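See below for entry-v6.pdb, which holds PDB, C-alpha atoms.
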```pdb
ATOM      1  CA  MET A   1      30.149  20.134   2.472
ATOM      2  CA  LEU A   2      33.638  18.915   3.361
ATOM      3  CA  VAL A   3      33.261  20.469   6.809
ATOM      4  CA  HIS A   4      30.501  17.932   7.568
ATOM      5  CA  LEU A   5      32.686  14.882   6.987
ATOM      6  CA  SER A   6      33.555  12.771  10.002
ATOM      7  CA  PRO A   7      37.294  12.288  10.696
ATOM      8  CA  GLU A   8      37.004   8.629   9.688
ATOM      9  CA  VAL A   9      35.527   9.475   6.283
ATOM     10  CA  ARG A  10      37.952  12.323   5.672
ATOM     11  CA  LYS A  11      40.884   9.953   6.323
ATOM     12  CA  ALA A  12      39.376   7.346   3.986
ATOM     13  CA  LEU A  13      38.998   9.907   1.200
ATOM     14  CA  LEU A  14      42.498  11.295   1.696
ATOM     15  CA  GLN A  15      44.014   7.846   1.367
ATOM     16  CA  CYS A  16      41.703   6.171  -1.157
ATOM     17  CA  ALA A  17      40.418   9.037  -3.346
ATOM     18  CA  PRO A  18      42.683  12.058  -2.783
ATOM     19  CA  ASP A  19      41.617  13.769  -6.025
ATOM     20  CA  TYR A  20      38.048  14.011  -4.710
ATOM     21  CA  LEU A  21      39.028  16.665  -2.168
ATOM     22  CA  SER A  22      40.247  18.989  -4.922
ATOM     23  CA  PHE A  23      37.022  18.732  -6.957
ATOM     24  CA  SER A  24      34.525  21.571  -7.191
ATOM     25  CA  PHE A  25      31.394  21.310  -5.063
ATOM     26  CA  GLU A  26      29.341  20.167  -8.052
ATOM     27  CA  ASP A  27      31.892  17.563  -9.126
ATOM     28  CA  ARG A  28      32.178  16.165  -5.595
ATOM     29  CA  GLU A  29      28.412  15.776  -5.459
ATOM     30  CA  ALA A  30      28.328  14.086  -8.865
ATOM     31  CA  GLN A  31      31.061  11.723  -7.715
ATOM     32  CA  ARG A  32      29.118  10.813  -4.576
ATOM     33  CA  ALA A  33      25.992  10.129  -6.635
ATOM     34  CA  ALA A  34      28.051   7.869  -8.907
ATOM     35  CA  TRP A  35      29.603   6.031  -5.942
ATOM     36  CA  ALA A  36      26.092   5.360  -4.624
ATOM     37  CA  LEU A  37      25.552   3.182  -7.701
ATOM     38  CA  SER A  38      28.970   1.675  -8.348
ATOM     39  CA  GLY A  39      30.399   1.738  -4.834
ATOM     40  CA  ASN A  40      34.035   2.267  -3.936
ATOM     41  CA  ASP A  41      35.469  -0.787  -2.229
ATOM     42  CA  ALA A  42      38.657   0.910  -1.082
ATOM     43  CA  ILE A  43      36.783   3.709   0.692
ATOM     44  CA  ARG A  44      34.355   1.228   2.251
ATOM     45  CA  ARG A  45      37.114  -1.012   3.560
ATOM     46  CA  HIS A  46      39.049   1.845   5.141
ATOM     47  CA  PRO A  47      36.606   2.466   8.042
ATOM     48  CA  LEU A  48      36.160  -1.287   8.401
ATOM     49  CA  ARG A  49      39.868  -1.538   9.103
ATOM     50  CA  HIS A  50      40.593   1.692  10.933
ATOM     51  CA  ALA A  51      37.270   2.592  12.616
ATOM     52  CA  LEU A  52      35.734  -0.810  13.280
ATOM     53  CA  GLY A  53      39.056  -2.577  13.852
ATOM     54  CA  LYS A  54      38.543  -5.447  11.420
ATOM     55  CA  THR A  55      41.571  -7.393  10.234
ATOM     56  CA  PRO A  56      42.256  -7.854   6.509
ATOM     57  CA  GLU A  57      41.127 -11.460   6.870
ATOM     58  CA  GLU A  58      37.886 -10.403   8.539
ATOM     59  CA  ILE A  59      37.263  -7.772   5.853
ATOM     60  CA  SER A  60      37.735 -10.399   3.164
ATOM     61  CA  ALA A  61      35.266 -12.665   4.962
ATOM     62  CA  ILE A  62      32.778  -9.787   5.227
ATOM     63  CA  ASP A  63      33.128  -9.091   1.495
ATOM     64  CA  ASN A  64      32.545 -12.765   0.716
ATOM     65  CA  GLY A  65      29.500 -12.993   2.952
ATOM     66  CA  ASP A  66      31.197 -15.394   5.353
ATOM     67  CA  LEU A  67      31.219 -12.956   8.288
ATOM     68  CA  ASP A  68      28.432 -10.639   9.399
ATOM     69  CA  LEU A  69      28.777  -7.315  11.129
ATOM     70  CA  SER A  70      26.789  -6.749  14.291
ATOM     71  CA  GLY A  71      23.783  -4.445  14.049
ATOM     72  CA  ASN A  72      25.721  -1.589  15.635
ATOM     73  CA  GLU A  73      28.741  -2.144  13.386
ATOM     74  CA  SER A  74      26.573  -2.240  10.286
ATOM     75  CA  HIS A  75      24.881   1.012  11.283
ATOM     76  CA  ARG A  76      28.238   2.716  11.889
ATOM     77  CA  LEU A  77      29.558   1.568   8.519
ATOM     78  CA  ASN A  78      26.384   2.750   6.777
ATOM     79  CA  ALA A  79      26.748   6.151   8.457
ATOM     80  CA  TYR A  80      30.280   6.495   7.111
ATOM     81  CA  THR A  81      29.193   5.292   3.683
ATOM     82  CA  GLN A  82      26.323   7.772   3.512
ATOM     83  CA  GLN A  83      28.791  10.655   3.676
ATOM     84  CA  VAL A  84      30.454   9.208   0.582
ATOM     85  CA  GLU A  85      27.274   8.459  -1.364
ATOM     86  CA  GLY A  86      24.642  11.035  -0.366
ATOM     87  CA  VAL A  87      23.769  14.286  -2.177
ATOM     88  CA  GLY A  88      22.461  17.603  -0.986
ATOM     89  CA  GLU A  89      22.501  19.125   2.461
ATOM     90  CA  ASP A  90      21.159  15.932   4.072
ATOM     91  CA  PHE A  91      23.443  13.503   2.187
ATOM     92  CA  PHE A  92      20.346  11.919   0.649
ATOM     93  CA  SER A  93      20.374   8.762  -1.478
ATOM     94  CA  TRP A  94      17.840   6.334  -2.888
ATOM     95  CA  ASN A  95      18.306   2.847  -1.504
ATOM     96  CA  GLU A  96      16.524   1.441  -4.562
ATOM     97  CA  TYR A  97      17.508   0.318  -8.043
ATOM     98  CA  LEU A  98      17.329   3.381 -10.265
ATOM     99  CA  PRO A  99      16.433   3.342 -13.953
ATOM    100  CA  TYR A 100      19.438   2.835 -16.241
ATOM    101  CA  ASN A 101      21.974   5.682 -16.325
ATOM    102  CA  GLN A 102      20.191   7.609 -13.559
ATOM    103  CA  THR A 103      21.565   8.794 -10.217
ATOM    104  CA  ALA A 104      20.055  10.640  -7.264
ATOM    105  CA  LEU A 105      20.937  13.870  -9.080
ATOM    106  CA  SER A 106      18.738  12.857 -12.027
ATOM    107  CA  PHE A 107      15.629  13.764 -10.032
ATOM    108  CA  ARG A 108      15.216  17.321  -8.762
ATOM    109  CA  THR A 109      12.143  16.504  -6.683
ATOM    110  CA  ILE A 110      10.525  13.423  -5.187
ATOM    111  CA  ALA A 111       7.724  13.847  -7.737
ATOM    112  CA  ASP A 112      10.268  13.621 -10.564
ATOM    113  CA  TYR A 113      11.463  10.283  -9.204
ATOM    114  CA  ASP A 114       7.950   8.930  -8.668
ATOM    115  CA  ARG A 115       6.846   9.886 -12.178
ATOM    116  CA  GLU A 116       9.981   8.433 -13.765
ATOM    117  CA  LEU A 117       9.566   5.217 -11.768
ATOM    118  CA  HIS A 118       5.993   4.879 -13.035
ATOM    119  CA  ASP A 119       6.963   5.617 -16.644
ATOM    120  CA  TRP A 120       9.894   3.185 -16.466
ATOM    121  CA  GLN A 121       7.636   0.430 -15.131
ATOM    122  CA  GLU A 122       5.208   1.066 -17.982
ATOM    123  CA  ARG A 123       8.032   0.875 -20.532
ATOM    124  CA  VAL A 124       9.117  -2.466 -19.065
ATOM    125  CA  ARG A 125       5.553  -3.751 -19.262
ATOM    126  CA  ALA A 126       5.363  -2.737 -22.911
ATOM    127  CA  ASP A 127       8.797  -4.122 -23.826
ATOM    128  CA  GLU A 128       8.058  -7.470 -22.184
ATOM    129  CA  GLU A 129       4.523  -7.510 -23.616
ATOM    130  CA  ILE A 130       2.963  -7.976 -20.197
ATOM    131  CA  ASN A 131      -0.797  -8.278 -20.504
ATOM    132  CA  GLY A 132      -3.022  -5.543 -19.187
ATOM    133  CA  ASP A 133      -3.898  -1.972 -19.978
ATOM    134  CA  ALA A 134      -1.393   0.818 -19.469
ATOM    135  CA  GLN A 135      -1.617   2.195 -15.946
ATOM    136  CA  VAL A 136      -2.406   5.872 -15.441
ATOM    137  CA  TYR A 137      -0.081   7.617 -12.993
ATOM    138  CA  ARG A 138      -1.655   8.028  -9.559
ATOM    139  CA  ASP A 139      -0.456   8.714  -6.013
ATOM    140  CA  THR A 140       0.555   5.209  -5.005
ATOM    141  CA  MET A 141       4.201   5.511  -3.943
ATOM    142  CA  GLY A 142       4.662   2.446  -1.783
ATOM    143  CA  GLY A 143       7.596   2.635   0.586
ATOM    144  CA  GLU A 144      10.571   3.564  -1.592
ATOM    145  CA  TRP A 145      13.681   3.134   0.562
ATOM    146  CA  VAL A 146      15.999   6.071   1.184
ATOM    147  CA  ARG A 147      18.863   7.031   3.458
ATOM    148  CA  TYR A 148      19.952  10.439   4.693
ATOM    149  CA  LEU A 149      21.658  12.199   7.583
ATOM    150  CA  LYS A 150      19.742  14.187  10.165
ATOM    151  CA  GLN A 151      21.963  16.352  12.357
ATOM    152  CA  GLY A 152      24.828  14.029  11.485
ATOM    153  CA  GLU A 153      22.924  10.858  12.391
ATOM    154  CA  LEU A 154      22.077   8.241   9.772
ATOM    155  CA  ARG A 155      18.387   7.738   9.161
ATOM    156  CA  TYR A 156      16.761   4.948   7.191
ATOM    157  CA  GLY A 157      13.494   5.924   5.582
ATOM    158  CA  ALA A 158      10.584   4.838   3.450
ATOM    159  CA  MET A 159       8.712   7.266   1.209
ATOM    160  CA  TRP A 160       4.984   6.847   0.725
ATOM    161  CA  SER A 161       2.031   8.605  -0.734
ATOM    162  CA  ARG A 162      -0.757   8.961   1.811
ATOM    163  CA  ASN A 163      -2.682   6.267  -0.018
ATOM    164  CA  GLY A 164       0.344   4.000  -0.262
ATOM    165  CA  PHE A 165       1.044   4.343   3.459
ATOM    166  CA  ILE A 166      -2.493   3.359   4.406
ATOM    167  CA  LEU A 167      -2.699   0.523   1.869
ATOM    168  CA  GLY A 168       0.684  -0.821   2.922
ATOM    169  CA  ALA A 169      -0.551  -1.007   6.502
ATOM    170  CA  LEU A 170      -3.747  -2.765   5.418
ATOM    171  CA  GLU A 171      -1.640  -5.318   3.556
ATOM    172  CA  ARG A 172       0.281  -6.192   6.728
ATOM    173  CA  ILE A 173      -2.851  -6.177   8.877
ATOM    174  CA  GLY A 174      -4.629  -8.432   6.388
ATOM    175  CA  LEU A 175      -1.885 -11.024   6.667
ATOM    176  CA  ASP A 176      -1.968 -10.829  10.470
ATOM    177  CA  LEU A 177      -5.737 -11.290  10.499
ATOM    178  CA  LEU A 178      -5.510 -14.225   8.119
ATOM    179  CA  MET A 179      -3.007 -15.934  10.384
ATOM    180  CA  GLU A 180      -5.113 -15.177  13.464
ATOM    181  CA  LEU A 181      -8.420 -16.373  12.012
ATOM    182  CA  VAL A 182      -7.173 -19.361  10.012
ATOM    183  CA  PRO A 183      -3.717 -20.357  11.297
ATOM    184  CA  PHE A 184      -1.631 -21.698   8.428
ATOM    185  CA  GLU A 185       1.838 -22.533   7.245
ATOM    186  CA  TYR A 186       3.518 -23.574   4.032
ATOM    187  CA  ILE A 187       5.556 -26.764   4.165
ATOM    188  CA  GLU A 188       7.978 -28.171   1.636
ATOM    189  CA  GLY A 189       6.494 -30.692  -0.783
ATOM    190  CA  PRO A 190       8.294 -33.761  -2.143
ATOM    191  CA  SER A 191       9.496 -31.944  -5.266
ATOM    192  CA  HIS A 192      10.971 -28.949  -3.448
ATOM    193  CA  GLY A 193      14.632 -28.384  -4.331
ATOM    194  CA  VAL A 194      14.640 -30.892  -7.202
ATOM    195  CA  PRO A 195      16.884 -29.641 -10.059
ATOM    196  CA  ALA A 196      14.861 -28.221 -12.923
ATOM    197  CA  GLY A 197      17.675 -27.625 -15.418
ATOM    198  CA  GLU A 198      19.805 -24.577 -16.297
ATOM    199  CA  GLY A 199      20.781 -24.124 -12.656
ATOM    200  CA  LEU A 200      17.167 -23.825 -11.485
ATOM    201  CA  VAL A 201      15.408 -25.821  -8.782
ATOM    202  CA  THR A 202      11.751 -26.658  -8.269
ATOM    203  CA  LEU A 203       9.854 -24.702  -5.623
ATOM    204  CA  ASP A 204       7.202 -26.918  -4.086
ATOM    205  CA  PHE A 205       5.339 -25.574  -1.073
ATOM    206  CA  ARG A 206       2.080 -26.988   0.237
ATOM    207  CA  LEU A 207      -0.514 -25.098   2.260
ATOM    208  CA  ARG A 208      -1.368 -26.584   5.635
ATOM    209  CA  ALA A 209      -4.221 -25.007   7.614
ATOM    210  CA  GLN A 210      -5.444 -27.743   9.970
ATOM    211  CA  GLY A 211      -8.082 -28.949   7.532
ATOM    212  CA  LEU A 212      -9.347 -25.415   6.849
ATOM    213  CA  GLU A 213      -7.488 -24.931   3.573
ATOM    214  CA  ALA A 214     -10.693 -24.085   1.674
ATOM    215  CA  LEU A 215     -11.650 -21.507   4.293
ATOM    216  CA  TYR A 216      -8.148 -20.058   4.162
ATOM    217  CA  ARG A 217      -8.369 -19.570   0.391
ATOM    218  CA  ALA A 218     -11.815 -18.013   0.602
ATOM    219  CA  LEU A 219     -10.795 -15.593   3.350
ATOM    220  CA  SER A 220      -7.561 -14.732   1.543
ATOM    221  CA  LYS A 221      -9.566 -13.771  -1.542
ATOM    222  CA  ALA A 222     -12.061 -11.796   0.544
ATOM    223  CA  ILE A 223      -9.236  -9.821   2.180
ATOM    224  CA  PHE A 224      -7.743  -9.060  -1.214
ATOM    225  CA  ASP A 225     -11.106  -7.905  -2.587
ATOM    226  CA  ILE A 226     -11.809  -5.676   0.428
ATOM    227  CA  LYS A 227      -8.404  -4.050   0.114
ATOM    228  CA  GLN A 228      -8.696  -3.535  -3.649
ATOM    229  CA  GLU A 229     -12.124  -1.963  -3.314
ATOM    230  CA  ARG A 230     -10.841   0.477  -0.721
ATOM    231  CA  ARG A 231      -7.759   1.167  -2.847
ATOM    232  CA  GLU A 232      -9.898   2.378  -5.731
ATOM    233  CA  GLU A 233     -12.014   4.491  -3.396
ATOM    234  CA  LEU A 234      -8.946   6.116  -1.843
ATOM    235  CA  LEU A 235      -7.428   6.910  -5.206
ATOM    236  CA  ALA A 236     -10.674   8.453  -6.392
ATOM    237  CA  GLU A 237     -10.963  10.527  -3.205
ATOM    238  CA  HIS A 238      -7.448  11.894  -2.980
ATOM    239  CA  PHE A 239      -5.914  12.209  -6.447
ATOM    240  CA  ASP A 240      -6.790  15.874  -6.774
ATOM    241  CA  GLY A 241      -3.514  17.481  -5.670
ATOM    242  CA  LYS A 242      -5.320  20.057  -3.552
ATOM    243  CA  LYS A 243      -3.780  19.225  -0.200
ATOM    244  CA  VAL A 244      -0.047  19.838   0.059
ATOM    245  CA  ALA A 245       1.506  18.361   3.174
ATOM    246  CA  VAL A 246       4.269  16.015   4.284
ATOM    247  CA  TRP A 247       4.283  13.942   7.461
ATOM    248  CA  VAL A 248       7.664  12.770   8.771
ATOM    249  CA  ILE A 249       6.977  10.149  11.409
ATOM    250  CA  GLU A 250       9.023   7.713  13.433
ATOM    251  CA  ASP A 251       8.411   4.010  12.861
ATOM    252  CA  LYS A 252       8.149   3.451  16.619
ATOM    253  CA  ASP A 253       5.263   5.909  16.847
ATOM    254  CA  TRP A 254       3.099   3.838  14.514
ATOM    255  CA  PHE A 255       4.072   0.169  14.518
ATOM    256  CA  SER A 256       4.749  -2.271  17.337
ATOM    257  CA  ASP A 257       7.543  -4.026  15.426
ATOM    258  CA  ALA A 258       9.424  -0.782  14.889
ATOM    259  CA  GLU A 259      12.917  -0.569  13.441
ATOM    260  CA  PRO A 260      15.473   1.733  15.125
ATOM    261  CA  ASN A 261      16.487   4.883  13.256
ATOM    262  CA  TYR A 262      13.652   4.311  10.782
ATOM    263  CA  THR A 263      11.374   7.054   9.490
ATOM    264  CA  HIS A 264       8.324   7.167   7.241
ATOM    265  CA  ILE A 265       7.975  10.208   4.977
ATOM    266  CA  VAL A 266       4.358  10.441   3.820
ATOM    267  CA  PHE A 267       3.204  12.809   1.077
ATOM    268  CA  SER A 268      -0.394  13.971   0.832
ATOM    269  CA  SER A 269      -0.249  14.024  -2.975
ATOM    270  CA  SER A 270       2.021  14.310  -5.979
ATOM    271  CA  ALA A 271       1.709  18.073  -5.530
ATOM    272  CA  ALA A 272       3.432  17.698  -2.166
ATOM    273  CA  MET A 273       6.134  15.499  -3.714
ATOM    274  CA  SER A 274       6.830  18.235  -6.256
ATOM    275  CA  GLN A 275       7.678  20.683  -3.455
ATOM    276  CA  VAL A 276      10.313  18.466  -1.837
ATOM    277  CA  ARG A 277      13.742  18.479  -3.474
ATOM    278  CA  THR A 278      16.211  15.650  -3.019
ATOM    279  CA  LYS A 279      18.975  18.171  -2.281
ATOM    280  CA  SER A 280      17.055  19.873   0.535
ATOM    281  CA  LEU A 281      14.883  17.043   1.775
ATOM    282  CA  LEU A 282      14.364  17.852   5.447
ATOM    283  CA  ALA A 283      14.042  21.618   5.048
ATOM    284  CA  ASP A 284      11.445  21.223   2.307
ATOM    285  CA  CYS A 285       9.500  18.658   4.342
ATOM    286  CA  ALA A 286       9.495  21.006   7.324
ATOM    287  CA  ALA A 287       8.194  23.863   5.168
ATOM    288  CA  ILE A 288       4.972  21.966   4.369
ATOM    289  CA  ALA A 289       4.748  19.753   7.470
ATOM    290  CA  GLY A 290       1.255  18.381   8.009
ATOM    291  CA  ASP A 291      -0.626  17.766  11.241
ATOM    292  CA  VAL A 292       0.397  14.289  12.395
ATOM    293  CA  ALA A 293      -2.786  13.986  14.439
ATOM    294  CA  GLU A 294      -4.810  14.390  11.239
ATOM    295  CA  LEU A 295      -2.937  11.546   9.537
ATOM    296  CA  ARG A 296      -3.188   9.410  12.663
ATOM    297  CA  ALA A 297      -6.962   9.825  12.804
ATOM    298  CA  ALA A 298      -7.385   8.924   9.133
ATOM    299  CA  PHE A 299      -5.029   5.963   9.500
ATOM    300  CA  ASP A 300      -6.808   4.581  12.576
ATOM    301  CA  LYS A 301     -10.196   4.958  10.878
ATOM    302  CA  GLU A 302      -9.020   3.010   7.829
ATOM    303  CA  VAL A 303      -7.520   0.249   9.967
ATOM    304  CA  ALA A 304     -10.688  -0.068  12.058
ATOM    305  CA  GLN A 305     -12.971  -0.231   9.016
ATOM    306  CA  PHE A 306     -10.738  -2.741   7.255
ATOM    307  CA  THR A 307     -10.423  -4.946  10.329
ATOM    308  CA  SER A 308     -14.180  -4.880  10.863
ATOM    309  CA  GLY A 309     -14.793  -5.791   7.221
ATOM    310  CA  VAL A 310     -12.374  -8.709   7.330
ATOM    311  CA  ARG A 311     -13.865 -10.094  10.544
ATOM    312  CA  ALA A 312     -17.369  -9.806   9.119
ATOM    313  CA  ALA A 313     -16.294 -11.653   5.969
ATOM    314  CA  TYR A 314     -14.685 -14.357   8.077
ATOM    315  CA  SER A 315     -17.851 -14.787  10.125
ATOM    316  CA  GLU A 316     -19.944 -15.335   6.983
ATOM    317  CA  LEU A 317     -17.409 -17.651   5.374
ATOM    318  CA  ARG A 318     -17.077 -19.666   8.556
ATOM    319  CA  LYS A 319     -20.843 -20.228   8.624
ATOM    320  CA  LEU A 320     -20.782 -21.429   5.014
ATOM    321  CA  HIS A 321     -17.804 -23.662   5.705
ATOM    322  CA  THR A 322     -19.464 -25.183   8.773
ATOM    323  CA  ARG A 323     -22.634 -25.928   6.810
ATOM    324  CA  GLY A 324     -20.601 -27.227   3.889
ATOM    325  CA  SER A 325     -22.586 -24.938   1.611
ATOM    326  CA  VAL A 326     -19.594 -23.743  -0.364
ATOM    327  CA  VAL A 327     -16.813 -26.109  -1.326
ATOM    328  CA  GLY A 328     -14.172 -26.743  -3.923
ATOM    329  CA  SER A 329     -13.318 -23.968  -6.340
ATOM    330  CA  ALA A 330     -15.541 -21.484  -4.560
ATOM    331  CA  PHE A 331     -12.931 -21.487  -1.828
TER     332      PHE A 331
END
```
Turn the structure described in the file into structure tokens.
Amino acid sequence: MLVHLSPEVRKALLQCAPDYLSFSFEDREAQRAAWALSGNDAIRRHPLRHALGKTPEEISAIDNGDLDLSGNESHRLNAYTQQVEGVGEDFFSWNEYLPYNQTALSFRTIADYDRELHDWQERVRADEEINGDAQVYRDTMGGEWVRYLKQGELRYGAMWSRNGFILGALERIGLDLLMELVPFEYIEGPSHGVPAGEGLVTLDFRLRAQGLEALYRALSKAIFDIKQERREELLAEHFDGKKVAVWVIEDKDWFSDAEPNYTHIVFSSSAAMSQVRTKSLLADCAAIAGDVAELRAAFDKEVAQFTSGVRAAYSELRKLHTRGSVVGSAF
């Protein structure tokens, strides 16, 4: 794996962590997984100084949050950092908070991570005595952030179950439709920012929707109900583990507000997640690659049905609002 290091990273390791280069392959990988959690400021600052040309004063300002890197500089730094923090043949790392005492090497497959994340969330719910029944594990991975290298280039990614990918899109589309149909904004109220003790401040935001606040609330609830109903239907339809496929798609191929170097990795089921190892991410995804056209068709169908349902609900609610038939708490 040392052969894959860029000259900038190799120099940083030689100067800031020389013992690392004498470690065994397994120990180097364990060290990188640990650095992904704890960081290594000396290694990070080295390319800032010697590759990006930042002065010590500028580096201090960057560390303190008083100076921002440009988008290109930030991407370059992240690419260097990924070689110091990623595991496996693709230098993979989770860009998420991991359960206590876990690293990227704690999870052999994506399914292992998804199951542990679910179980951890349930333990937190129980420990904090959060109301509600225990949730059964289902395929609902919802955009877990990752980073990895593809042919030496840094890629940012989000991992989804098929259901999570569709439902995440419906969430965004629902908000866009709400803004289109009932334009709104939240403005600061008179109590916003008032100290509330123990270092806290009051958050006071007021809805403003050009006199259509009741309609806004009614449509917002309708959108939520439509999405939740479809969520349960999707989960019932697809949690059978029979289809095993992974779709690796570029953000720009699906969304108009695409991010550069951003990829969505979509799993058909938990069975598909179990066949993709964190240490051989791209090769395992390629081995069970699904037909992107199939996912696109299903995605477009869901979006069309959801959009139609929301517009129909708006039409009915608008009629009621115009007649004044439903007011107050009903909205």
*asked:* List as number ranges by chain the protein and nucleic acid residues near range 38-51 of chain A, meaning an atom at most 12 Å away when only C-alpha atoms are counted, but skip any in the same chain fewer than 5 places from it.
replied: A: 6-18, 20, 31-33, 56-63, 69, 73-86, 97-98, 101-103
*Do you know which residues are at most 12 Å from range 197-206 of chain A counting only C-alpha atoms, after dropping those on the same chain fewer than 3 positions away, and could you put them as a PyMOL selection string?*
chain A and resi 184-194+209+213
*Go through A:Glu232, A:Asp176, A:Asp225, A:Glu96 one by one, measure the shortest atom-to-atom distance of each to Leu117 in chain A using only C-alpha atoms, and give the residue with the smallest value.*
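Closest to Leu117 in chain A, using only C-alpha atoms: A:Glu96.
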*For range 311-314 of chain A, please output as a PyMOL selection string all residues within 10 Å (counting all atoms listed in the file; exclusion window: fewer than 6 positions along the same chain).*
chain A and resi 177-178+181-182+215-216+218-220+222-223+226+320
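Between Ala111 in chain A and the residues A:Phe91, A:Tyr156, A:Tyr137, A:Trp247, the shortest atom-to-atom distance, using all atoms listed in the file, involves A:Tyr137.
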